[in-house]
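Structure, as structure tokens:
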Amino acid sequence: MSANYIDTLQLRLTLELCAPSDIRFIEGIVALIQRQCKEVSFPSSKCSLNIPVALSEALANAILRANKEDPGKQVYVRSAIDNDRLVIEIRDEGPGFDLRTSMRDPTLDENITREDGRGLFLMTRLMDRIELFNNNGNVVRMTLNRHAEAE
Amino acid sequence: MSANYIDTLQLRLTLELCAPSDIRFIEGIVALIQRQCKEVSFPSSKCSLNIPVALSEALANAILRANKEDPGKQVYVRSAIDNDRLVIEIRDEGPGFDLRTSMRDPTLDENITREDGRGLFLMTRLMDRIELFNNNGNVVRMTLNRHAEAE
Amino acid sequence: MSFAIKKQSEVVVVDVEGQLIVGNRQELKQKVLDELERGERKFLIDFSQTGYIDSSGLGVLVSLSKKIREQGGELRLANLNEDLKTLFELTKLDTLFQIADTRERALETF
Amino acid sequence: MSFAIKKQSEVVVVDVEGQLIVGNRQELKQKVLDELERGERKFLIDFSQTGYIDSSGLGVLVSLSKKIREQGGELRLANLNEDLKTLFELTKLDTLFQIADTRERALETF
Ligand SMILES: Nc1ncnc2c1ncn2[C@@H]1O[C@H](COP(=O)(O)OP(=O)(O)O)[C@@H](O)[C@H]1O
Ligand SMILES: Nc1ncnc2c1ncn2[C@@H]1O[C@H](COP(=O)(O)OP(=O)(O)O)[C@@H](O)[C@H]1O
């Protein structure tokens with residue numbers, strides 16, 4: 001179906017899942033959500049760059065930083081995609097964190113040769129909006145508009 | 001991802017859409033929901049027979065019988081798929097109907113050579129459960145279990 | 001979806017490519033009735049490339065079969081996959097139609 | 001996803017097939033460090049068959065580049081598609097690496 005067809009149908013796809021704290025699940029979860037985005041004809045470079053990279057970062061942080069790969073802890077993912085935007089929420093069982101104090105600029109000379117510290121930076125650059133909530137754990141909500149980056 | 005992988009993730013996919021009262025949309029909507037069912041590794045003959053035929057019948061009735069192809073009326077579809085079952089709700093803007101009095105047995109000698117009247121019969125045979133509700137129009141809810149037909 | 005028609009030794013063979021459903025059954029009906037009017041009497045519908053068939057599609061097959069028989073002709077079906085066989089059994093239409101496993105078998109015995 | 005390694009005129013060429021992400025970056029790191037230990041000094045990573053790269057993947061490229069340089073060697077990258085170019089520009093890693101458009105161009109100038 002063409003993008004126009006999708007507009008006519010006012011299609012909305014929601015995905016919910018709960019994954020063990022194991023980084024081997026990341027690639028499959030990303031592929032699932034990529035396919036959901038393609039189903040509503042999300043722009044192709046958003047499907048191949050922005051969404052997989054930002055989602056992969058958020059999942060890696062939830063599994064490694066928040067849940068510390070504890071097999072007793074889970075990561076909850078919810079994505080909602082419609083003609084206007086993608087909203088993904090990732091909930092972990094960690095303490096939460098503060099975006100401003102946790103993120104550094106990896107493009108600065110003193111950081112550019114560091115191996116880590118590019119995750120939150122990429123999430124904020126590749127998504128239109130990042131929000132944090134505390135709700136029985138820590139929720140990271142990422143929003144990507146289908147069209148222009150303006151809100 | 002294998003079916004087992006999907007079980008581990010407790011995946012749940014929800015689709016919502018609103019279609020104009022035009023039978024040309026049926027095939028595309030059926031294909032969309034078929035792909036969602038394949039995404040959670042629903043058994044293959046349910047994806048290729050039970051779901052498309054029952055859904056196609058319900059959509060055709062909503063568009064032709066309930067909305068009478070009135071371009072001012074819409075058909076609303078909501079499907080929710082998880083590891084256990086598929087639930088599809090089709091809401092039209094018609095008066096509603098009664099399953100018992102509307103359905104006849106098309107396998108009887110007096111009906112077998114008739115052109116029409118096999119839709120509701122197929123829906124009940126291909127799905128595990130059919131329910132009707134009135135909710136600002138008429139809602140047909142069809143449930144198909146992933147595994148045995150028992151409830 | 002589309003309907004490819006060709007003639008094979010006295011028999012009009014129709015391939016149903018894709019779905020046979022409420023949205024396109026009129027097209028199949030018209031194509032077959034045109035051939036019937038032109039004098040053709042032997043018809044074979046081949047489902048090897050068919051996805052699913054809905055009740056409207058089944059209905060069109062029933063009514064075509066009747067019209068063809070009224071003109072002294074015959075309609076046969078071939079190549080139903082497992083799903084389509086189930087559909088014909090559920091509706092008992094397997095008792096109404098001459099159904100062959102393969103196109104060759106159907107053509108042989110006309 | 002997998003990493004195919006072969007030697008092409010003095011240069012160790014690695015093809016990244018699929019994603020380069022937190023789940024597999026260690027495998028790439030180990031493979032390249034093994035070659036470095038074996039005495040290899042010229043490395044080319046080809047991304048023509050790569051999907052996406054996450055920050056861990058980028059991190060591994062940064063640290064490999066450092067380790068190789070410390071041994072007097074050199075790491076080059078080739079065949080970044082538009083998405084990967086955007087990723088390297090966003091992180092300014094396009095200024096840190098020698099990036100060639102094609103594998104041939106990268107091999108020529110080593
Ligand atoms: N979900 C999370 N829960 C707790 N802390 C987090 C989470 N996500 C990020 N952080 C904190 O933010 C820091 C920076 O994250 P990031 O930019 O992704 O770089 P890296 O993960 O490579 O350190 C992490 O090291 C961690 O302390
Ligand atoms: N959504 C609906 N709204 C109103 N009436 C309906 C609806 N679905 C079915 N019906 C009624 O039930 C009858 C039988 O439907 P069905 O078994 O699908 O056969 P057919 O549509 O070929 O008549 C229809 O003719 C119609 O009167």
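FYI, nothing fancy with the structure tokens labels: chains A, B, ... in order, residues from 1 per chain, ligands from 1 as they appear.
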
Check your understanding: ligand 1: which residues are within 10 Å, counting only C-alpha atoms and all ligand atoms, as a PyMOL selection string?
Key -> (chain A and resi 54+57-68+75+90-106+114-124+132+137-140) or (chain D and resi 55-56+59)

Point to revise | Residues near Leu20 in chain C, cut-off 9 Å, only C-alpha atoms, skip fewer than 6 positions along chain, as a PyMOL selection string | key: chain C and resi 1+28+50-54+56-58

Next, the residues of the selection above should be written as an mmCIF file, in the first residue's frame with N, CA and C atoms.
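Now in part_14.cif:
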```cif
data_model
loop_
_atom_site.group_PDB
_atom_site.id
_atom_site.type_symbol
_atom_site.label_atom_id
_atom_site.label_comp_id
_atom_site.auth_asym_id
_atom_site.auth_seq_id
_atom_site.Cartn_x
_atom_site.Cartn_y
_atom_site.Cartn_z
ATOM 1 N N MET C 1 -3.988 -8.535 -8.117
ATOM 2 C CA MET C 1 -4.802 -9.667 -8.526
ATOM 3 C C MET C 1 -5.238 -9.500 -9.972
ATOM 4 N N LEU C 28 -14.168 -11.451 -12.765
ATOM 5 C CA LEU C 28 -14.101 -12.865 -13.161
ATOM 6 C C LEU C 28 -15.415 -13.285 -13.818
ATOM 7 N N THR C 50 -3.666 -18.749 -6.468
ATOM 8 C CA THR C 50 -4.678 -18.004 -5.726
ATOM 9 C C THR C 50 -4.331 -17.931 -4.242
ATOM 10 N N GLY C 51 -4.613 -16.798 -3.635
ATOM 11 C CA GLY C 51 -4.422 -16.641 -2.189
ATOM 12 C C GLY C 51 -5.640 -17.177 -1.467
ATOM 13 N N TYR C 52 -6.535 -16.267 -1.065
ATOM 14 C CA TYR C 52 -7.746 -16.736 -0.405
ATOM 15 C C TYR C 52 -8.974 -16.374 -1.252
ATOM 16 N N ILE C 53 -10.093 -17.030 -0.939
ATOM 17 C CA ILE C 53 -11.365 -16.790 -1.613
ATOM 18 C C ILE C 53 -12.379 -16.472 -0.530
ATOM 19 N N ASP C 54 -13.173 -15.416 -0.689
ATOM 20 C CA ASP C 54 -14.187 -15.138 0.330
ATOM 21 C C ASP C 54 -15.549 -15.649 -0.136
ATOM 22 N N SER C 56 -18.071 -14.170 -1.305
ATOM 23 C CA SER C 56 -18.500 -13.609 -2.589
ATOM 24 C C SER C 56 -17.821 -14.318 -3.749
ATOM 25 N N GLY C 57 -16.560 -14.664 -3.545
ATOM 26 C CA GLY C 57 -15.827 -15.405 -4.571
ATOM 27 C C GLY C 57 -16.440 -16.785 -4.773
ATOM 28 N N LEU C 58 -16.744 -17.448 -3.656
ATOM 29 C CA LEU C 58 -17.407 -18.757 -3.746
ATOM 30 C C LEU C 58 -18.752 -18.613 -4.454
#
```

Write out, as a tab-separated table, each residue of chain D that has an atom at most 9 Å from chain A, together with the closest pair of atoms and their distance in Å to one decimal, counting only C-alpha atoms, rows going by chain and rising number.
```
residue	atom	partner	partner_atom	distance
D:Gln19	CA	A:Glu27	CA	8.1
D:Ile21	CA	A:Ser56	CA	8.0
D:Val22	CA	A:Ile23	CA	7.2
D:Gly23	CA	A:Arg24	CA	5.7
D:Asn24	CA	A:Arg24	CA	8.7
D:Gly51	CA	A:Ser48	CA	7.5
D:Tyr52	CA	A:Leu49	CA	6.5
D:Ile53	CA	A:Val53	CA	6.9
D:Asp54	CA	A:Val53	CA	5.4
D:Ser55	CA	A:Arg118	CA	5.4
D:Ser56	CA	A:Asp116	CA	6.9
D:Leu58	CA	A:Glu115	CA	7.6
D:Gly59	CA	A:Glu115	CA	4.0
D:Val60	CA	A:Glu115	CA	6.4
D:Leu61	CA	A:Glu115	CA	8.3
D:Val62	CA	A:Glu115	CA	6.1
D:Ser63	CA	A:Glu115	CA	5.9
D:Lys66	CA	A:Thr113	CA	8.0
D:Glu82	CA	A:Ser45	CA	8.7
D:Asp83	CA	A:Leu49	CA	5.7
D:Leu84	CA	A:Leu49	CA	7.8
D:Thr86	CA	A:Leu49	CA	8.7
D:Leu87	CA	A:Leu49	CA	8.1
D:Leu90	CA	A:Arg125	CA	7.7
D:Thr91	CA	A:Thr107	CA	5.6
D:Lys92	CA	A:Thr107	CA	5.6
D:Leu93	CA	A:Ile112	CA	7.4
D:Leu96	CA	A:Ile112	CA	8.0
```

Check your understanding: Excluding same-chain residues fewer than 6 positions from range 33-44 of chain A, what lies within 8 Å of it counting only C-alpha atoms, as a VMD selection string?
Key -> (chain A and resid 2 to 3 6 11 13 15 51 to 52 79 81 to 83 86 146) or (chain B and resid 32)

Review point. In Å to one decimal, how far is CA of Leu9 in chain B from CA of Asn145 in chain B?
Key: 18.4 Å

Check your understanding: range 71-76 of chain C: which residues within 12 Å, counting only C-alpha atoms, same-chain residues fewer than 4 positions away excluded, as a count of residues only?
Key -> 44
